[in-house]
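Below is one structure; the comments refer to it alone.
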Amino acid sequence: MTRHDLNQPPPLAGYNVFEADRPLREALEREGAAWAHGLVHRIGEIAGTEEAIRWGFQANANPPELRTHDRFGHRIDEVEFHPDGLHALPWREPRTGAHAARAAAFYVWSQVEGGHGCPVSMTYAALPALRKQPDLAREWEPLITALDYDPGLRPHGDKRGVLFGMAMTERQGGSDVRANTTHAEPTGSGDYRITGHKWFVSAPMCDAFLVLAQAPGGLSCFLLPRVLPDGTRNAFHIQRLKDKLGNRSNASSEVEFISAHAVIVGEEGRGVKTIIDMVNHTRLDCVIGSASLMRQAVAQATHHTAHRKAFGKLLSEQPLMVNVLADIAIESEATTALMMRLASAFDGDGDESHFRRLALAVSKYWCCKRAIAVVAEALECHGGNGYVEESILPRLYREAPLNSIWEGSGNVNALDVLRAIQREPESLEAFLAEVNKTRGELPRLDAIVDTLKRELSDPSDAESRARRLVELMAITLQCSLMLRFGDPVVAEVFCASRLGDSGHQFGTLRPDPRLGAIVERARPELPDQ
Ligand SMILES: Cc1cc2nc3c(=O)[nH]c(=O)nc-3n(C[C@H](O)[C@H](O)[C@H](O)COP(=O)(O)OP(=O)(O)OC[C@H]3O[C@@H](n4cnc5c(N)ncnc54)[C@H](O)[C@@H]3O)c2cc1C
């Protein structure tokens, strides 16, 4: 019997993940990164191969293992990995569109596997924080930006490239880092000794960490290397690895520092202000990661349903399935547009940086939440086949909630939006200026932007209303971006449904003969089809 007879689709492999993604291709041009087309094309080519897809499965089937001691009982605190890698591009090529180019590449590559992107993301994100201490940046920047992945714990002076992680969260709290108890004692010769614990430290095989600890002058940011210049291990002891819901290819650990050597980054007492640059860049990657999960889920669902029949017709021809697929496809497309606009704001300053301040917190809240719902719906489009590991959907499903938890969970980001509006009113001006670029084009959108402005000017119960506000901000921004840049039909359906003309679940769009074309726009085509 042939596979066709069994009513099973061919595997979604052997296609270019980038070229199959029209919204991404269009956004890459639009956001000033057309010069990176060749790079993202190459990554997309590899990401769609059967081999790369297999790597994703292997990385999850062989999770990292902790080796705390060698055969003689000496502490080594290493985590063994199947090596894999991608580098950070904007620091090497600081040109227009560099962050947008990296976002596109990271989004395409993360579709193979999400977990291994964590240390890649943290290494990319560490540099802007490190630059607040220029002498340290001079020493470490060439290693951070090097193209060589040089695994193994050795003094950084002996390495061709390094990876960075971050250690903020403690057992008693991650959102409220000011309550950190880990403390840093100055040695008198310019450096510090750090003692305490951290409750979640991902990718502990990294070469160095930005760590928050209480110094005499208050909570401060430190660079803590795993190996000291003389080759001895710093007192960074991995207690155990976390047994996590998903993200299993990425080690996350509990660590203890016992008088570990560290050097300060920025000023004493300004730890949050210093590390926030790292946090903001990893928050961008949470948005990219969520967009990537949505895209892969939609690609799988549109592919599966185009090959699977029920009740005498392809699933992709059943009107209700078309409605569901179109609904998740427009959500994915609007998220890709938002992610690329946001990433390109990281390339700019002035108004762009004000826009970025608010749009980042709004997008981190909204896109990460939406990814969870989109992935769940895409999984259901596969029926029972989607509940089976081989379909990739279970892995996407387990990964999806994570982006909303780390680097500031949903509520924390929603509250950050309020903080930004209060402390940096110019960020709200820049945000509204962006949304108002389509003023007059769609009365329903204009009316909702006016409602938003009224809601924002009302200070009562602001915290309790924060999620409602942020939701309105996210939807109005996405609608405005779609009107300006999106495919006209997708933009029309997206705006109508997200501005009130649909139900609460996906698949509640108004019937429209164009929904099938929206699904086709999202469906990746295999070369021989
Ligand atoms: C897989 C994984 C890897 C991680 N890797 C790292 C890492 O490498 N380095 C690192 O430092 N951390 C890491 N973390 C930790 C992560 O950043 C924290 O879990 C996160 O910041 C939340 O902190 P918490 O877990 O202590 O939750 P809490 O701070 O206890 O928060 C619990 C809930 O309360 C909400 N909340 C908090 N304050 C308020 C408020 N004022 N109003 C309303 N709601 C509120 C939060 O949004 C959250 O939903 C990782 C976490 C995971 C799951």
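Numbering starts fresh at 1 for the residues of each chain in the structure tokens, the chains themselves are lettered A, B, ... in the order given, and ligands are numbered from 1 as they appear.
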
Problem - helix (DSSP H, G or I) per DSSP on the backbone: members of range 275-497 of chain A, as a PyMOL selection string - result: chain A and resi 275-305+315-317+319-345+351-381+383-387+389-391+393-405+410-423+425-438+443-456+466-485+488-497

Exercise for the section: Counting only C-alpha atoms and all ligand atoms, name the residues that have an atom within 7 Å of an atom of ligand 1; the answer should be given as a count of residues only. Expected result: 28

Write out as a compact mmCIF listing (two decimals) with N, CA and C atoms, in the first residue's frame the residues lying within 7 Å of range 513-520 of chain A, counting only C-alpha atoms and excluding same-chain residues fewer than 2 positions away.
# COMPACT_ATOMS: atom_id res chain seq x y z
N THR A 302 -1.25 23.72 7.75
CA THR A 302 -1.73 23.94 6.37
C THR A 302 -1.24 22.81 5.46
N VAL A 322 -11.14 25.45 6.83
CA VAL A 322 -10.57 26.62 6.15
C VAL A 322 -10.64 27.84 7.08
N ASN A 323 -11.76 27.95 7.78
CA ASN A 323 -11.90 29.09 8.69
C ASN A 323 -10.84 29.05 9.80
N LEU A 325 -7.92 27.43 9.76
CA LEU A 325 -6.56 27.62 9.21
C LEU A 325 -6.32 29.08 8.85
N ALA A 326 -7.32 29.71 8.25
CA ALA A 326 -7.15 31.11 7.87
C ALA A 326 -6.94 31.97 9.11
N ALA A 329 -3.52 31.48 10.42
CA ALA A 329 -2.56 32.03 9.44
C ALA A 329 -2.47 33.54 9.56
N VAL A 490 -5.50 39.77 3.63
CA VAL A 490 -5.16 39.35 5.00
C VAL A 490 -5.40 40.51 5.97
N PRO A 511 -17.69 34.16 7.34
CA PRO A 511 -17.48 33.44 6.08
C PRO A 511 -17.07 34.40 4.97
N ALA A 522 -0.30 30.84 3.16
CA ALA A 522 0.49 30.39 4.32
C ALA A 522 1.10 29.00 4.11
N ARG A 523 0.57 28.24 3.18
CA ARG A 523 0.97 26.82 3.05
C ARG A 523 2.32 26.69 2.34

Practice task
Find the spatial neighbours of range 52-62 of chain A, counting only C-alpha atoms, within a cut-off of 7 Å - ignore same-chain residues fewer than 6 positions away - and output them as a PyMOL selection string.
Solution key: chain A and resi 46+82+112-113+248-249

Handout entry: Of the listed residues A:His156, A:His41, A:Arg193, A:His183, that which approaches Glu139 in chain A most closely, counting only C-alpha atoms
Key =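 Of A:His156, A:His41, A:Arg193, A:His183, the one nearest Glu139 in chain A, counting only C-alpha atoms, is A:His156.
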
At most 10 Å is the cut-off: for each residue in range 90-128 of chain A with any atom that close to an atom of range 9-17 of chain A, write down the nearest atom pair and the distance in Å rounded to one decimal, counting only C-alpha atoms, chain first then increasing number, as a Markdown table.
| residue | atom | partner | partner_atom | distance |
| --- | --- | --- | --- | --- |
| A:Tyr107 | CA | A:Val17 | CA | 9.9 |
| A:Val108 | CA | A:Val17 | CA | 6.5 |
| A:Trp109 | CA | A:Val17 | CA | 8.6 |
| A:Gln111 | CA | A:Val17 | CA | 8.4 |
| A:Val112 | CA | A:Val17 | CA | 9.5 |

Exercise for the section: Rank A:Glu399, A:Glu463, A:Tyr387, A:Ser332 by their smallest atom-to-atom distance to Arg419 in chain A, using only C-alpha atoms, and report the top residue only. Expected result: A:Glu463

Handout entry: Proximity to Pro459 in chain A - best of A:Gln422, A:Ser497, A:Thr274, A:Ser353, only C-alpha atoms
Key =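 The answer is A:Gln422, which sits nearest to Pro459 in chain A.
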
Exercise for the section: For Gly271 in chain A, please output as number ranges by chain all residues within 9 Å (counting only C-alpha atoms; exclusion window: fewer than 5 positions along the same chain). Expected result: A: 211-214, 218-222, 265-266, 276

Practice task
Can you work out which one of A:Gly231, A:Gly384, A:Pro90, A:Gly117 has the shortest atom-to-atom distance to Ala343 in chain A, counting only C-alpha atoms?
Solution key: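 So, comparing all the options, the nearest one is A:Pro90.
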
Practice task
Mind checking which residues fall within 12 Å of range 441-455 of chain A, counting only C-alpha atoms, ignoring those fewer than 5 positions away in the same chain, and posting them as a PyMOL selection string?
Solution key: chain A and resi 418+421+428-429+431-436+460-462+465-484+491-492+494-501

Practice task
Considering only C-alpha atoms, return as number ranges by chain whatever protein or nucleic-acid residues lie within 10 Å of Pro186 in chain A, sequence-local ones (same chain, fewer than 5 positions apart) excluded.
Solution key: A: 191-194, 215-216, 261-264

Exercise for the section: Kindly give the distance, in Å, that separates CA of Asp528 in chain A and CA of Gly38 in chain A, rounded to a single decimal. Expected result: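 According to the coordinates, CA of Asp528 in chain A and CA of Gly38 in chain A are separated by 23.0 Å.
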